[in-house]
Structure formats: C-alpha cells, structure tokens
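Colleague: Got a structure for you, written out below as structure tokens; questions coming shortly.
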Amino acid sequence: MTASSVPRSPSKGCRPYPWGLVTDEAFLAAGVAILGAIVVPTLSLILISTFSGFALSWALYEYNPPMRWVLDRCRDAIRAASMKLGDAILLDPRNHSYLPWMLWGLVVNPAMFYWVWTRYNAHGLEIATFLVYHAVRLGPRYRFFAHHETLIHKEGHAVREGLFRNVLNTAERAPIPRPLRRAVFDHINGGLIGVFYGSIPYHYATAHNKIHHRWHNDTGDVHTNMDLDRTAFSSYVMWLPRFVLYWTGVSPALLFWKRDEAQYLRDILGGMAYYYGIGALVWYAMGPVFFWAYYLYPHLEAASFLGAIAYIWHAFSDEADPSNQYVNSITILRGQDNIWNEDFHVVHHHEPFVHWTDMPKSFDAHKEEYTRCRATVFADCEEGQIIAWMFGADWDGMANHFVDLQYVFSNGDRNADKLMTVRDVAKVEAALGGAAPGAHHADVKALLLKRLKYHYMGTREGEWERFHQTMAAGVRVFDHDEDTKAPTGGLRQRK
C-alpha cells in the first residue's frame with residue numbers, strides 16, 4: 001500500500017475537524033501500526049474462535065441428536081432460571097437473558113486472568129497460554145466477546161435508571177438509588193467485566209449517547225467516516241486511528257471539554273482513570289510484556305473489531321439527502337448473528353428508548369417509510385460477512401443480500417411484503433418468466449457503490465460546503481441533563 005493509493009478528500013479543509021490538522025498519510029501510518037501490533041494474534045484467534053465454534057456446533061449439536069437433546073434441556077433450564085432471577089432483580093424482566101452472560105463474565109474471566117497470571121509468574125509469556133486465554137475470553141465464534149460488547153451497549157443506554165431494581169423496595173419496581181448505581185451497578189459490564197475486554201466504564205453513557213447519537217455519523221461525530229471513500233480498504237486503515245481515539249476516550253473527552261459539557265467530561269475522565277489506572281497497576285506489577293499480552297491487546301482488539309462493525313453500520317449515504325438515517329444506518333433481517341436485535345440499527349438510532357424486544361415491531365410499523373427511502377437493508381447474513389464483502393470489494397456478494405423494498409415483481413407483488421434478497425428475487429422472477437434478474441442486480445450494485453462513495457466527490461468543494469451547512473443545520477439539540485427522559489418520539493417522517 002502506498003501513500004498515493006490513499007483516497008483523498010477534495011481539500012484538506014474538508015476533513016471534519018480535527019482530522020484535517022494531520023495529513024492522511026500520517027493517519028494511514030498510524031492505522032498500519034495499530035493493525036500491525038495485533039494482526040498476528042488476531043488472525044490466529046479469528047481462526048481458533050471461528051473453527052472451534054463451528055466444530056463444537058457440529059459435534060455437540062447439529063450432528064449429535066442425544067447431545068442436542070441435553071443441550072436443549074440445559075438451555076430451557078437456564079432460561080427458566082434467568083426469567084425467575086430477572087423478575088426478582090431487574091428493572092425490566094424482559095432483560096433476563098442478560099444475566100447468564102453477565103454471570104459467565106463475572107466468574108470465568110477473573111478465574112482465567114488469575115490462571116495466566118500464575119503461569120506468567122512461573123514460565124513467562126507462553127504462546128499456548130496466550131492463545132488459550134484469549135480463545136476462552138472470546139468464546140467459540142466470538143460468543144462471549146459479542147455478548148459482552150452488546151451488554152455494555154445496553155448498559156450505556158440504560159444509564160437513566162440502570163438495569164437493576166431496588167430489591168428493598170417491595171411496593172414498586174423502582175431503580176436502585178442513584179449514588180449506588182453510579183458507584184457499582186451501572187458498571188457491572190463496563191467496569192467489572194470490561195477490564196478483560198478493553199472496555200472503559202461510562203464510555204457508552206457519554207461518548208456513545210452524547211456524541212454518536214447526536215450526530216449519527218455526520219461530520220460532528222468524532223468517529224465519522226463520511227469524508228472517506230468507503231469502497232477502499234485503505235480508507236478503513238486511515239480511519240481506524242479515529243475510532244481508537246474514540247474508544248480510548250481521548251477524542252470524546254476533548255469534544256466535551258471544547259463544548260463545556262462538564263458532567264460528561266467528568267464521567268468519561270473517571271472511566272478512563274479507572275481503566276488506565278488498573279492498566280498502570282498491571283504494568284507496575286507484571287511488566288510491559290504481560291501488560292501488552294493481557295491488558296492492552298484486548299483494548300486494541302476491541303477497537304479494531306468494533307471499529308469495523310461501526311464502519312459498516314454507517315457506511316452508506318444518500319446523495320440526495322445525506323442525513324437520511326434509513327440509508328445511513330443499516331438494517332439486517334433474519335440476521336445470523338442478531339444479538340438482542342442489534343441488527344435493527346435504524347430503529348436504534350431513531351428510537352433509542354424502544355426496548356430491544358420491540359424493535360422488529362417498529363420496523364414493521366414504519367416499513368412504508370423504509371420502502372420510500374429505499375433503505376439500506378440486508379438479509380440472511382451478518383455483520384462479519386458485510387465487513388468481508390466491503391474490505392474484499394465483493395460488491396456482487398453484497399448486492400445479492402440486499403433487500404430492495406421498492407422492487408415490484410412481474411406479477412405485481414411487492415417485495416416490501418416479501419422481504420426477499422436480490423438473489424432470491426432473481427429465483428422467483430426466473431420461475432415467473434419475468435424481468436431479467438441481471439438488470440436488477442446491476443442496479444442494486446450500482447446503488448450500493450454510489451452510497452459507499454458519496455461525500456468523496458473529487459474536486460466538488462462547493463458541494464462539500466453545502467454538505468457541511470446541512471449537517472450544521474441538522475444537529476440534534478440534546479438536554480445536558482443525562483437523566484432527562486427524552487425519547488425521540490419515533491421515526492421522523494422525511495420530507
């Protein structure tokens with residue numbers, strides 16, 4: 001990869017502040033350095049986690065009927081226990097499925113960390129111990145990592161009242177008193193479990209809620225990718241330092257300081273002091289090698305993995321309406337890795353207070369608006385596949401899984417009612433003897449590429465200036481009181 005291959009903006013001034021203060025080449029070099037620091041163990045763990053997940057699934061479930069029966073009974077027992085416990089201790093009992101994953105993180109991760117600490121004291125850094133620890137931490141096919149990262153997201157959005165109820169209040173289902181929540185219960189996932197996954201307490205409650213959900217990846221967002229050509233992998237490498245600065249808390253803290261939002265600044269600085277303070281103790285007690293292998297590595301790993309997911313979640317943009325969130329956020333139907341309905345990302349941005357169990361209903365209720373906007377909807381896939389299609393420039397594979405809600409079959413049926421992918425639409429049309437499927441596929445592929453490339457418009461600086469004006473005019477006004485119950489009132493109708 002050479003500097004000349006890096007996609008460039010129309011002019012340096014078009015990069016959202018402060019990214020125009022440093023050259024693209026410097027950011028590219030920083031991205032290469034970040035990936036270089038983790039690439040070997042990460043690729044090894046990707047292979048271990050992926051193959052172990054499929055192997056366990058095939059050996060213990062798919063092709064093993066007796067064990068499948070046992071595991072199904074275990075799942076039912078765990079579900080029954082979590083429902084009963086959730087009703088007793090959670091503010092919203094519908095969140096009972098969080099509890100088994102939280103319990104695993106609170107018990108297994110500290111035990112595994114103690115194990116690697118004793119091994120390191122006795123034998124130094126062992127490659128096998130390193131891989132076993134991180135493979136268990138991630139879980140088969142990343143199950144433990146994925147559920148943890150989703151939990152800290154849910155925990156951050158629950159900051160107004162928290163996840164847990166005050167069990168001493170038998171008269172009503174009330175939240176735990178605020179001081180106790182702020183000290184402990186708001187940070188079960190982000191603070192206690194998060195140290196093993198590179199998560200900072202209060203990060204989602206501040207940086208995610210009060211920056212990302214203000215600007216929705218527009219240029220005011222500290223990890224926007226709207227000034228980049230998202231069809232080029234080098235753009236992700238150049239963008240990665242932005243997400244690392246966001247994930248480490250640095251850029252959100254600077255923005256809160258600049259905007260004089262003292263409460264949010266204090267909260268995120270407190271979370272940073274907690275996480276990096278523990279890191280300093282780990283370094284002091286065990287040395288830099290142990291610190292990198294078991295404390296810093298998960299931090300960079302999470303930034304890279306979650307950065308890739310954040311990158312594709314908001315990779316598309318409508319040239320006619322850059323702030324159209326039906327296009328800017330993706331939706332995945334029948335998702336193969338849909339943890340607590342995170343795949344309904346449009347709903348999450350427009351209606352962040354809608355409970356995760358109600359997100360499919362929200363999609364159905366506003367389907368006509370999705371259709372009118374020709375929303376960015378995929379189906380029968382997962383985020384990892386979309387990342388692979390994007391980074392591998394497999395635009396045909398991506399187009400095959402697009403759900404074109406505006407498509408009308410040759411017999412008059414609407415795809416908005418069927419929710420079929422382009423690939424499945426082609427099979428139906430072939431059976432109907434209708435329209436040539438190749439033309440529809442080519443149209444969708446061109447649409448996706450246009451949405452991925454937009455905001456990177458060569459030398460059309462006037463358009464960039466109008467884009468910045470549009471973004472500045474469209475910034476949402478947030479109350480500075482983090483406890484304000486301020487639902488967005490549903491999906492806004494676009495004019």
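Identifiers for the structure tokens are assigned positionally: chains receive A, B, ... in sequence, residues are indexed from 1 per chain, and ligands are indexed from 1 in the order shown.
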With 10 Å as the cut-off and only C-alpha atoms counted, what is the closest atom pair between each nearby residue of range 177-251 of chain A and range 289-304 of chain A? Distances in Å to one decimal, ordered by chain and number, as a Markdown table.
Modeller:
| residue | atom | partner | partner_atom | distance |
| --- | --- | --- | --- | --- |
| A:Gly194 | CA | A:His299 | CA | 9.6 |
| A:Val195 | CA | A:Tyr295 | CA | 7.7 |
| A:Phe196 | CA | A:Pro298 | CA | 7.0 |
| A:Tyr197 | CA | A:Pro298 | CA | 5.2 |
| A:Gly198 | CA | A:His299 | CA | 3.7 |
| A:Ser199 | CA | A:His299 | CA | 6.9 |
| A:Ile200 | CA | A:His299 | CA | 9.2 |
| A:Val237 | CA | A:Ser304 | CA | 9.7 |
| A:Leu240 | CA | A:Ser304 | CA | 7.1 |
| A:Pro241 | CA | A:Ala303 | CA | 9.2 |
| A:Arg242 | CA | A:Ala303 | CA | 10.0 |
| A:Phe243 | CA | A:Ala303 | CA | 6.7 |
| A:Val244 | CA | A:Ala303 | CA | 5.7 |
| A:Leu245 | CA | A:Ala303 | CA | 9.1 |
| A:Tyr246 | CA | A:Ala303 | CA | 8.8 |
| A:Trp247 | CA | A:Ala303 | CA | 6.1 |
| A:Thr248 | CA | A:His299 | CA | 8.2 |
Colleague: Sorted by chain and rising residue number, which residues of range 312-343 of chain A lie within 12 Å of range 410-423 of chain A, and what are their closest atom pairs and distances in Å to one decimal, counting only C-alpha atoms, as a tab-separated table?
Modeller:
residue	atom	partner	partner_atom	distance
A:Thr331	CA	A:Leu419	CA	11.9
A:Ile332	CA	A:Leu419	CA	10.9
A:Leu333	CA	A:Leu419	CA	8.3
A:Arg334	CA	A:Leu419	CA	9.9
Colleague: Got time to write the residues from that selection, N, CA and C atoms, as an mmCIF file, in the first residue's frame?
Modeller:
data_model
loop_
_atom_site.group_PDB
_atom_site.id
_atom_site.type_symbol
_atom_site.label_atom_id
_atom_site.label_comp_id
_atom_site.auth_asym_id
_atom_site.auth_seq_id
_atom_site.Cartn_x
_atom_site.Cartn_y
_atom_site.Cartn_z
ATOM 1 N N THR A 331 -29.916 -2.049 8.265
ATOM 2 C CA THR A 331 -30.815 -2.994 8.916
ATOM 3 C C THR A 331 -30.518 -4.372 8.337
ATOM 4 N N ILE A 332 -30.441 -5.380 9.198
ATOM 5 C CA ILE A 332 -30.228 -6.755 8.742
ATOM 6 C C ILE A 332 -31.424 -7.593 9.193
ATOM 7 N N LEU A 333 -32.129 -8.142 8.235
ATOM 8 C CA LEU A 333 -33.277 -9.003 8.525
ATOM 9 C C LEU A 333 -32.829 -10.462 8.525
ATOM 10 N N ARG A 334 -33.446 -11.221 9.391
ATOM 11 C CA ARG A 334 -33.107 -12.651 9.523
ATOM 12 C C ARG A 334 -31.598 -12.809 9.726
#
Colleague: Set the distance at 7 Å and use only C-alpha atoms: which residues neighbour range 357-369 of chain A once local chain neighbours fewer than 5 positions away are removed? I'd like the list as a list in words.
Modeller: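 Counting only C-alpha atoms, the residues come to Asn341, Phe344 and Val347 of chain A.
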Colleague: Check the DSSP output for the backbone and give back, as a list in words, the residues of range 193-425 of chain A in strand (DSSP E).
Modeller: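 Those residues are Thr331, Ile332, Leu333, Val377, Phe378 and Ala379 of chain A.
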Colleague: Write out, as a CSV table (one decimal), in the first residue's frame, the residues just selected, with N, CA, C and O atoms.
Modeller:
chain,number,residue,atom,x,y,z
A,331,THR,N,-29.9,-2.0,8.3
A,331,THR,CA,-30.8,-3.0,8.9
A,331,THR,C,-30.5,-4.4,8.3
A,331,THR,O,-30.3,-4.5,7.1
A,332,ILE,N,-30.4,-5.4,9.2
A,332,ILE,CA,-30.2,-6.8,8.7
A,332,ILE,C,-31.4,-7.6,9.2
A,332,ILE,O,-31.7,-7.7,10.4
A,333,LEU,N,-32.1,-8.1,8.2
A,333,LEU,CA,-33.3,-9.0,8.5
A,333,LEU,C,-32.8,-10.5,8.5
A,333,LEU,O,-32.0,-10.8,7.8
A,377,VAL,N,-31.0,-2.1,3.5
A,377,VAL,CA,-31.5,-3.3,4.3
A,377,VAL,C,-30.8,-4.5,3.6
A,377,VAL,O,-30.9,-4.7,2.4
A,378,PHE,N,-30.3,-5.4,4.5
A,378,PHE,CA,-29.7,-6.7,4.0
A,378,PHE,C,-30.5,-7.8,4.7
A,378,PHE,O,-31.2,-7.6,5.7
A,379,ALA,N,-30.3,-9.0,4.3
A,379,ALA,CA,-30.9,-10.1,4.9
A,379,ALA,C,-30.1,-11.4,4.8
A,379,ALA,O,-29.2,-11.5,3.9
Colleague: Using backbone DSSP assignments, extract all alpha helix (DSSP H) residues from range 185-300 of chain A; output them as a VMD selection string.
Modeller: chain A and resid 203 213 to 215 233 to 247 250 to 258 262 to 286 288 to 291 297 to 300
Colleague: For the contact check between range 189-303 of chain A and range 386-393 of chain A, emit one row per residue of range 189-303 of chain A within 10 Å, containing the shortest atom pair and the distance in Å rounded to one decimal, counting only C-alpha atoms, chain then rising number order, as a Markdown table.
Modeller:
| residue | atom | partner | partner_atom | distance |
| --- | --- | --- | --- | --- |
| A:Arg230 | CA | A:Met390 | CA | 8.0 |
| A:Thr231 | CA | A:Met390 | CA | 6.5 |
| A:Ala232 | CA | A:Phe391 | CA | 7.2 |
| A:Phe233 | CA | A:Phe391 | CA | 5.3 |
| A:Ser234 | CA | A:Phe391 | CA | 9.0 |
| A:Ser235 | CA | A:Phe391 | CA | 9.8 |
| A:Tyr236 | CA | A:Phe391 | CA | 8.5 |
